[in-house]
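*Asks:* Next up is a structure, given as structure tokens.
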Amino acid sequence: MDIRQMAEQYNEYVIGQRRWFHQHAEVSWKEFETTKHIEEELRKMGIEDINHFEGLTGLTAMIYGEKVEKDCSTILLRADIDALPTIEKNEVDYKSIHEGVMHACGHDCHVAMLLAGAKILMNMRSELKGNVKLLFQGGEETAIGAKEYVDRGVCNDVQAAYGSHISTWVQAPYIDVNKGPRCASTDEFHIEIIGKACHGGMPQCGHDAIVAASAIVMNLQTLVSRMSNPIEPLAVTVGKIQGGFQYNLVAGKVEMEGTVRAYGNPIQKKMDQYMKEMVEKTAEGYGCTAIVDYQYKTPAVVHDNEMMNTLVKNAAIKLYGEEGVVMGQPVTGGDDFAYFCEKVPGFYAFIGAANSDIGCAYPHHHECFNVDESVLKRGAAMYAQVAVDFLDR
């Protein structure tokens, strides 16, 4: 069967589903209505093997091939389903009906694309030489949602994983299938600096936590410029500082929060140690003490499996030709798809959806975020083509 042609036939379906999910946006781990609607759509397709996870939203569903042999393969196709706590500023017919909740990252598109991809695969069951496991995953915006499903064994019966992200940093209608680094790791840190408050006119009586914090912010950058290999990307960002109570007081306490981004950089694996040493010794030099809480969160997504790299690229070319495919740059945003890649060979494609002519040029997480819906059928086709090609290996 011609997958591209079938995707064209489901164009109206995939757009309609995307708009339903956009209108009924729900934040992480509260995607109850979303999960219910997904199950209803899957059952309409004739998919009966549907499983939920106790205490989690989302679900898995199985499509069983009818041309299977002994020890056949199974591929996992994943779509994340949660929205963001954002007040939508788009004036569209399908605007979110839940005040303060918006699909500002495109997960509504991901759900719709996988549902349409499932429709295509159900039409091709007689040709499938293996099985397809669908995962509609909650909690991606928590940065560790996928880990919950991995810990419950979602990857135990699959041999590969594929997912995709709608992307307004990629021009429509191109499909980005670069090798190597894809999404950065997203560690977080919290630093508390404790000094000694005193009158601002008599600073010699105290230990200024703001001055110590200022030195720490600057010194942290030497972890990038002097301790990390220059050819291995690393970003250390202090994004929040709070300290002081009054203009004429020396601050006795400052709190800082930030993030570290990398693509498997060796120094990132020991960043908790390096940061703790740097921060504590800098604070000590100003007569202060410091407490560092470093959290390793989402790992990096790195396309390092040649079989999957080649398979996905060839699938995109098969569907839309060399002219429809680009080899883009890595992004420093994170995605918990990384947890699947730690268990099985994986690939995370970007479906270009930027189109400034129709106002689709805002970045992800923006209150005016929107996409060129004409590319959704391409995302659906890719889900199906990658699954078919993997099972045909």
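Residue numbers start at 1 in each chain; chains themselves are named A, B, ... in the order of the structure tokens; ligands are numbered from 1 in the order shown.
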Enumerate, in order of chain and increasing residue number, the residues of segment 68-178 of chain A with an atom no farther than 9 Å from segment 34-56 of chain A, each with its shortest atom pair and distance in Å to one decimal, counting only C-alpha atoms, as CSV.
*Replies:*
residue,atom,partner,partner_atom,distance
A:Ile81,CA,A:Thr34,CA,7.5
A:Asp82,CA,A:Thr34,CA,8.5
A:Val111,CA,A:Ile38,CA,8.1
A:Leu115,CA,A:Leu42,CA,7.4
A:Ala118,CA,A:Leu42,CA,8.0
A:Lys119,CA,A:Met45,CA,6.6
A:Met122,CA,A:Met45,CA,7.3
A:Phe136,CA,A:Thr35,CA,8.0
A:Gly138,CA,A:Leu56,CA,7.4
A:Gly139,CA,A:Leu56,CA,8.7
A:Glu148,CA,A:Leu56,CA,8.3
A:Tyr149,CA,A:Phe53,CA,8.1
A:Arg152,CA,A:Phe53,CA,8.1
*Asks:* Which residues are near Ile210 of chain A? Cut-off 10 Å, only C-alpha atoms, ignore same chain within fewer than 4 positions. Put them as an MDAnalysis selection string.
*Replies:* chainID A and resid 193:195 214:216 241:244 250:255
*Asks:* Just the number, please: distance in Å from atom CA of Leu84 of chain A to atom CA of Gln23 of chain A, one decimal.
*Replies:*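 Atom CA of Gln23 of chain A lies 12.7 Å from atom CA of Leu84 of chain A.
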*Asks:* May I have the residues within 6 Å of segment 375-391 of chain A as a PyMOL selection string, using only C-alpha atoms and disregarding those fewer than 2 positions away in the same chain?
*Replies:* chain A and resi 4+7+11+113-114+116-117+121+129-130+173+315+373+393
*Asks:* Go ahead and write the selection's residues with N, CA and C atoms as a PDB file, in the first residue's frame.
*Replies:*
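Result written to result34.pdb:
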ATOM      1  N   ARG A   4       2.089   7.245   1.698  1.00  0.00           N
ATOM      2  CA  ARG A   4       1.905   8.690   1.471  1.00  0.00           C
ATOM      3  C   ARG A   4       0.487   8.982   1.001  1.00  0.00           C
ATOM      4  N   ALA A   7      -1.923   8.702   3.887  1.00  0.00           N
ATOM      5  CA  ALA A   7      -1.799   9.867   4.773  1.00  0.00           C
ATOM      6  C   ALA A   7      -2.560  11.054   4.210  1.00  0.00           C
ATOM      7  N   ASN A  11      -5.850  13.412   5.870  1.00  0.00           N
ATOM      8  CA  ASN A  11      -5.475  14.799   6.167  1.00  0.00           C
ATOM      9  C   ASN A  11      -6.540  15.510   7.000  1.00  0.00           C
ATOM     10  N   MET A 113      -1.050  12.960  15.027  1.00  0.00           N
ATOM     11  CA  MET A 113      -0.230  12.281  14.021  1.00  0.00           C
ATOM     12  C   MET A 113      -0.129  10.792  14.306  1.00  0.00           C
ATOM     13  N   LEU A 114       0.020  10.427  15.584  1.00  0.00           N
ATOM     14  CA  LEU A 114       0.127   9.002  15.897  1.00  0.00           C
ATOM     15  C   LEU A 114      -1.209   8.291  15.709  1.00  0.00           C
ATOM     16  N   ALA A 116      -3.439   9.084  13.431  1.00  0.00           N
ATOM     17  CA  ALA A 116      -3.557   8.907  11.983  1.00  0.00           C
ATOM     18  C   ALA A 116      -2.589   7.833  11.496  1.00  0.00           C
ATOM     19  N   GLY A 117      -1.378   7.802  12.084  1.00  0.00           N
ATOM     20  CA  GLY A 117      -0.435   6.747  11.739  1.00  0.00           C
ATOM     21  C   GLY A 117      -0.979   5.377  12.092  1.00  0.00           C
ATOM     22  N   LEU A 121      -1.576   2.050   9.720  1.00  0.00           N
ATOM     23  CA  LEU A 121      -1.035   0.737  10.053  1.00  0.00           C
ATOM     24  C   LEU A 121      -2.137  -0.320  10.188  1.00  0.00           C
ATOM     25  N   LYS A 129       5.012  -7.488   9.256  1.00  0.00           N
ATOM     26  CA  LYS A 129       5.787  -8.673   9.608  1.00  0.00           C
ATOM     27  C   LYS A 129       6.162  -8.706  11.093  1.00  0.00           C
ATOM     28  N   GLY A 130       5.566  -7.823  11.836  1.00  0.00           N
ATOM     29  CA  GLY A 130       5.802  -7.768  13.277  1.00  0.00           C
ATOM     30  C   GLY A 130       4.704  -6.956  13.920  1.00  0.00           C
ATOM     31  N   PRO A 173       7.667  22.248   4.607  1.00  0.00           N
ATOM     32  CA  PRO A 173       7.207  20.972   5.152  1.00  0.00           C
ATOM     33  C   PRO A 173       8.340  19.967   5.345  1.00  0.00           C
ATOM     34  N   ALA A 315      13.260   6.250   5.146  1.00  0.00           N
ATOM     35  CA  ALA A 315      11.796   6.296   5.195  1.00  0.00           C
ATOM     36  C   ALA A 315      11.303   7.670   4.749  1.00  0.00           C
ATOM     37  N   GLU A 373      -0.670  23.311   9.728  1.00  0.00           N
ATOM     38  CA  GLU A 373      -1.315  22.004   9.868  1.00  0.00           C
ATOM     39  C   GLU A 373      -1.178  21.116   8.638  1.00  0.00           C
ATOM     40  N   ARG A 393      12.783  -5.328   8.035  1.00  0.00           N
ATOM     41  CA  ARG A 393      14.239  -5.500   7.958  1.00  0.00           C
ATOM     42  C   ARG A 393      14.619  -6.946   7.676  1.00  0.00           C
TER      43      ARG A 393
END
*Asks:* From the options A:Gly352, A:Glu280, A:Leu311, A:Gly145, which residue's atoms come nearest to Tyr339 of chain A, counting only C-alpha atoms?
*Replies:*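 Using only C-alpha atoms, the shortest distance to Tyr339 of chain A belongs to A:Gly145.
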*Asks:* Give me the residues within 7 Å of Glu367 of chain A as a list of chain:residue names, counting only C-alpha atoms and dropping any in the same chain fewer than 5 places off.
*Replies:*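 The filter keeps A:Thr86, A:Ile87, A:Glu88, A:Lys89, A:Ala104.
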*Asks:* Go ahead and save the residues from that selection, with C-alpha atoms, as a short mmCIF file (atom, residue, chain, number, x, y, z; two decimals), in the first residue's frame.
*Replies:*
data_model
loop_
_atom_site.label_atom_id
_atom_site.label_comp_id
_atom_site.auth_asym_id
_atom_site.auth_seq_id
_atom_site.Cartn_x
_atom_site.Cartn_y
_atom_site.Cartn_z
CA THR A 86 0.01 28.99 29.53
CA ILE A 87 -2.71 31.52 28.75
CA GLU A 88 -3.42 31.20 25.03
CA LYS A 89 -3.40 34.39 22.96
CA ALA A 104 2.02 25.60 23.33
#
*Asks:* Taking only segment 155-335 of chain A into account, list the residues labelled alpha helix (DSSP H) by DSSP (computed from the backbone), as a count of residues only.
*Replies:* 46
